[in-house]
Amino acid sequence: MWVYIVRHILRNRLGNLIAILLITVFMAYQATQVKMSYEFASLLPASDTASIVYKEFKERFGQDGSVLFIGFQDKGFFELNKFSDYYKLTYAIKAIDGVEEVISVPRLFYLTKDTAVKKFDFKPVIDEVPTRQSQVDSVRKLVYSLPFYDGLLYNKENHVFLMAITLEQAKLNNKNRINLVNSITGLSDKFGAKYNLKPHYSGLPYIRIITSKKLEEELLFFVKLALIIASVILLLFFRSFKAMFYPMLIVIISIIWGIGTMSLLGYKITMLTGIFPPLLMVIVVENCIFLLNKYYSEFKSHGNKVRSLSRVVQRIGSANLLTNATTAAGFAAFIVTGNKLLVEFGIVASLSILAAYILSLMLIPIFFSYLPPPKARHVKHLDKGLVQWIVKRVVYIVQNYRTAIYITTSVLLVGAIFGMTKLETTGSIVDDIPHKDPLYQDLMFFEKNFKGVMPLEISIDTKKRKGVMKLSTIKRIDKLEKVLAQYPELSKPLSIAEVVKFSKQAFYGGKESMYSLPNNQEKDFIFSYAPKMKKGKKTIMNSFVDSTLRYTRISAQMANIGTYEIQRIQDELKPRIDSIFPPKKFNVQLTGTSLVFLKGTKYLVNNLFTSLLLALVIITILMALLFTSIRMILISLVPNIIPLLMTAAMMGYTGISIKPSTVLIFSIALGISVDNAIHFLSRYRLQLKLNNWDIKASVIAALSETGFSMIYSSIVLFFGFIIFTLSTFGGTEAMGYLIAFTLLVALFSNLFLLPSLILTLDQRITTRRFKEPLLEIFDEEEDIELEDLEIEHIDTRGSA
């Protein structure tokens, strides 16, 4: 098979180049059509109970989590000029396209009783820009007499005032959302600068928009940095501009194909697919390093360029096929998670990796067939230098100090097992934002003054039409609100019970002392003044009840707590809710964006562990195609599972928790780290045939030959991932540290432990089944006759 592939690549090199060029032009066009995703994708599948409950809630009451909050802290807030400008700021923001509603102190509404028509009227606390201090003082007195808003829009003790801005959902899901937020913050910043006040911003839409904007900027930075680092490393390794330029050209083509594939599949660029270009870059460079090292090694051996290129395809092609297949399997395993983001990421990544393999396998021989043969300086690194010295030391240690290798490995394993016991699973919505970041600092400001901004909803089904308006039901809601008030993690709840209290206060002329639930006699009078439900029109009533008056909600804000805390609150609330709302008569569900996200985190972590196990199974099956011997496959997996255990231990020791952004690291790292073992074992099997089945000589020869490429490729991979530690996001930063650490441990494990195990176990694992591949496509030992190639007007020495 490989003989045919060599002939096809080199005989038809011009036709292959033209075909690849045409495909690249097509993919480049497709890449220009790909769009950014601005939607907040759920971590839970649509069939999950929590997703269904949340979807039904949104259908009844509308989208939660679309409110942007602005907070100011100022003792002189009610000074005439300042309050007047704040009034203007409120209405200026209300006029911005994409702003649905604004609630702030100058734009509060209170109820008044119209006895003539027997209904409540909604009146603004002030309906024009104040021109006298007495007007502002009257507003202050009125606002502070309305308990409905206390703890929601102002904090009297700390002199903090909040503006709640509801954004149109359609605007939040397109690229104009950044301009929308910038318009709002621009006006607010101008007001703050005028009065030397610091505006604080938060709310789910603000957090999502700012983090996605930062991610876009970071990803562009990482792509550029990865290109520079990979180019410098290739230049240092091979001392040749051409050996740097052509692999980087293949990198660019591979990225174009990858983004084009996203467009063809109808996918948008998300947080995950966005980080793939830098990852693909290091994978392509790794492929090229193995191919180029083999090319230079072969040319140094016999000086024949065409034979060297043919052997590059034959002897590295099969191993690279398997290494790329295992890497692709690590990404493809995400498909089983059922999460839309990860499924798309897995599909695009796995397809792009396989396409990159084909491109590197074809283009490296083609490009270098047109170039003059390597010069002495290009192969100098094979004889001397630091890497050569390291490889010789590795060979010496493996031959003479295997006991020390086993003892060291055992000690590290014991430490790893202990470290793994310290692992914790947790996650919060803004878990990855640094604590020094203004976004996090502002979030803490709102948590301190208003208990938080993360939406938490309780959906109540009374199971009866107009069941919500029963006084007994409203009393139950009020009782549950008192229970919720006992949790410092939750803000003051808002519900139909608070609206009824507000109505009673209005019924008695606005007396603050009358803010309470009515008795049975008062209830009928007060309810007769209530506004009628108007379908399609937002009123204070249909904000809390549906049109049938069967369903209602309790809305609260939640602090940025983790999965453990929210689970504890849920577990504690469940029996207390059941005691207030008997399950036979009511159906009460906790929901909201925050709860769905946190449940999704737990679901995703569990599924990512499943994907890791699946990746391990797929990689084992793929390796069986090349090595067939079960014993050899198991031995080769040991040095690549140890790094995963070490990484888990490091997470435990350093306090990095298990969450989606860290769990996906293991599948990726496993798929990449096993590459070294595959290259070593494929060389080992070839050396067995060349050395008449002398195991010791074959191990040493295979280690000496592949040691260069293993070290070179690991250095590229290490620096390719370590750049992510420059990220301002905890998840991306952790990915950089952890994958780089995993690959470093895997390098040492495959350099020292794997050959040591083969030498120690000797004949017990090197069986005839290992010597004979299952599939003959891996016939890397077969050579090809040069006259069969007939490369256009180029002799075997490479002169044109």
# chains A, B, ... in the order shown; residues from 1 in each chain; ligands from 1
call {"tool": "select_by_dssp", "arguments": {"residues": "segment 276-493 of chain A", "states": "helix (DSSP H, G or I)", "output": "ChimeraX atom specification"}}
result
/A:276-302,305-337,340-370,376-382,386-400,402-420,438-450,467-469,471-484
call {"tool": "closest_atom_pairs", "arguments": {"of": "segment 73-123 of chain A", "to": "segment 166-173 of chain A", "cutoff": "7 Å", "atoms": "only C-alpha atoms", "output": "Markdown table"}}
result
| residue | atom | partner | partner_atom | distance |
| --- | --- | --- | --- | --- |
| A:Gly98 | CA | A:Glu168 | CA | 5.3 |
| A:Val99 | CA | A:Leu167 | CA | 4.7 |
| A:Glu100 | CA | A:Leu167 | CA | 5.3 |
| A:Glu101 | CA | A:Thr166 | CA | 5.0 |
| A:Val102 | CA | A:Thr166 | CA | 6.3 |
call {"tool": "select_by_dssp", "arguments": {"residues": "segment 104-191 of chain A", "states": "strand (DSSP E or B)", "output": "list of chain:residue names"}}
result
A:Phe109, A:Tyr110, A:Leu111, A:Thr112, A:Lys113, A:Asp114, A:Lys119, A:Phe120, A:Asp121, A:Phe122, A:Lys123, A:Pro124, A:Asp150, A:Tyr154, A:Asn155, A:Val160, A:Phe161, A:Leu162, A:Met163, A:Ala164, A:Ile165, A:Thr166, A:Leu167
call {"tool": "residues_around", "arguments": {"residues": "Leu225 of chain A", "least_positions_apart": "6", "cutoff": "9 Å", "atoms": "only C-alpha atoms", "output": "MDAnalysis selection string"}}
result
chainID A and resid 278 720 723
call {"tool": "write_last_selection", "arguments": {"atoms": "N, CA, C and O atoms", "output": "PDB file, in the first residue's frame"}}
result
ATOM      1  N   PRO A 278      -4.619  27.074  17.423  1.00  0.00           N
ATOM      2  CA  PRO A 278      -3.300  26.889  18.045  1.00  0.00           C
ATOM      3  C   PRO A 278      -2.991  25.415  18.337  1.00  0.00           C
ATOM      4  O   PRO A 278      -1.838  24.986  18.227  1.00  0.00           O
ATOM      5  N   GLY A 720       3.828  24.890  22.613  1.00  0.00           N
ATOM      6  CA  GLY A 720       2.559  25.170  21.962  1.00  0.00           C
ATOM      7  C   GLY A 720       1.413  25.269  22.949  1.00  0.00           C
ATOM      8  O   GLY A 720       0.471  26.052  22.750  1.00  0.00           O
ATOM      9  N   ILE A 723       1.848  28.352  26.139  1.00  0.00           N
ATOM     10  CA  ILE A 723       1.461  29.742  25.864  1.00  0.00           C
ATOM     11  C   ILE A 723       0.082  30.062  26.423  1.00  0.00           C
ATOM     12  O   ILE A 723      -0.216  31.223  26.728  1.00  0.00           O
TER      13      ILE A 723
END
call {"tool": "closest_residue", "arguments": {"among": "A:Pro205, A:Pro277, A:Gly671, A:Gly346", "to": "Ile619 of chain A", "atoms": "only C-alpha atoms"}}
result
A:Gly671
call {"tool": "atom_distance", "arguments": {"atom1": "atom CA of Leu197 of chain A", "atom2": "atom CA of Phe77 of chain A"}}
result
10.2 Å
call {"tool": "residues_around", "arguments": {"residues": "Phe666 of chain A", "least_positions_apart": "2", "cutoff": "9 Å", "atoms": "only C-alpha atoms", "output": "list of chain:residue names"}}
result
A:Gly330, A:Phe609, A:Leu612, A:Leu644, A:Thr647, A:Ala648, A:Thr662, A:Val663, A:Leu664, A:Ile668, A:Ala669, A:Leu670, A:Gly671, A:Leu738, A:Ile739, A:Thr742
call {"tool": "write_last_selection", "arguments": {"atoms": "C-alpha atoms", "output": "PDB file, in the first residue's frame"}}
result
ATOM      1  CA  GLY A 330      -8.979  11.886  21.859  1.00  0.00           C
ATOM      2  CA  PHE A 609     -14.943  10.958  32.144  1.00  0.00           C
ATOM      3  CA  LEU A 612     -11.898   9.717  28.379  1.00  0.00           C
ATOM      4  CA  LEU A 644      -2.570  11.398  33.412  1.00  0.00           C
ATOM      5  CA  THR A 647      -1.570  15.460  36.256  1.00  0.00           C
ATOM      6  CA  ALA A 648      -4.596  14.534  38.367  1.00  0.00           C
ATOM      7  CA  THR A 662      -9.944  20.735  33.173  1.00  0.00           C
ATOM      8  CA  VAL A 663     -11.521  17.322  32.527  1.00  0.00           C
ATOM      9  CA  LEU A 664     -11.365  17.678  28.733  1.00  0.00           C
ATOM     10  CA  ILE A 668      -6.646  15.605  24.543  1.00  0.00           C
ATOM     11  CA  ALA A 669      -3.405  14.842  26.382  1.00  0.00           C
ATOM     12  CA  LEU A 670      -3.862  11.070  26.108  1.00  0.00           C
ATOM     13  CA  GLY A 671      -4.398  11.252  22.352  1.00  0.00           C
ATOM     14  CA  LEU A 738      -1.831  20.776  32.754  1.00  0.00           C
ATOM     15  CA  ILE A 739      -1.421  19.630  29.133  1.00  0.00           C
ATOM     16  CA  THR A 742       1.218  15.917  31.017  1.00  0.00           C
TER      17      THR A 742
END
call {"tool": "closest_residue", "arguments": {"among": "A:Ala506, A:Leu17, A:Ile458, A:Val394", "to": "Asp121 of chain A", "atoms": "only C-alpha atoms"}}
result
A:Ala506
call {"tool": "closest_residue", "arguments": {"among": "A:Ile460, A:Leu573, A:Val398, A:Leu386", "to": "Lys482 of chain A", "atoms": "only C-alpha atoms"}}
result
A:Leu573
call {"tool": "residues_around", "arguments": {"residues": "segment 140-144 of chain A", "least_positions_apart": "2", "cutoff": "12 Å", "atoms": "only C-alpha atoms", "output": "VMD selection string"}}
result
chain A and resid 76 to 80 83 104 to 111 123 to 126 133 to 138 146 to 157 159 161 510 to 512
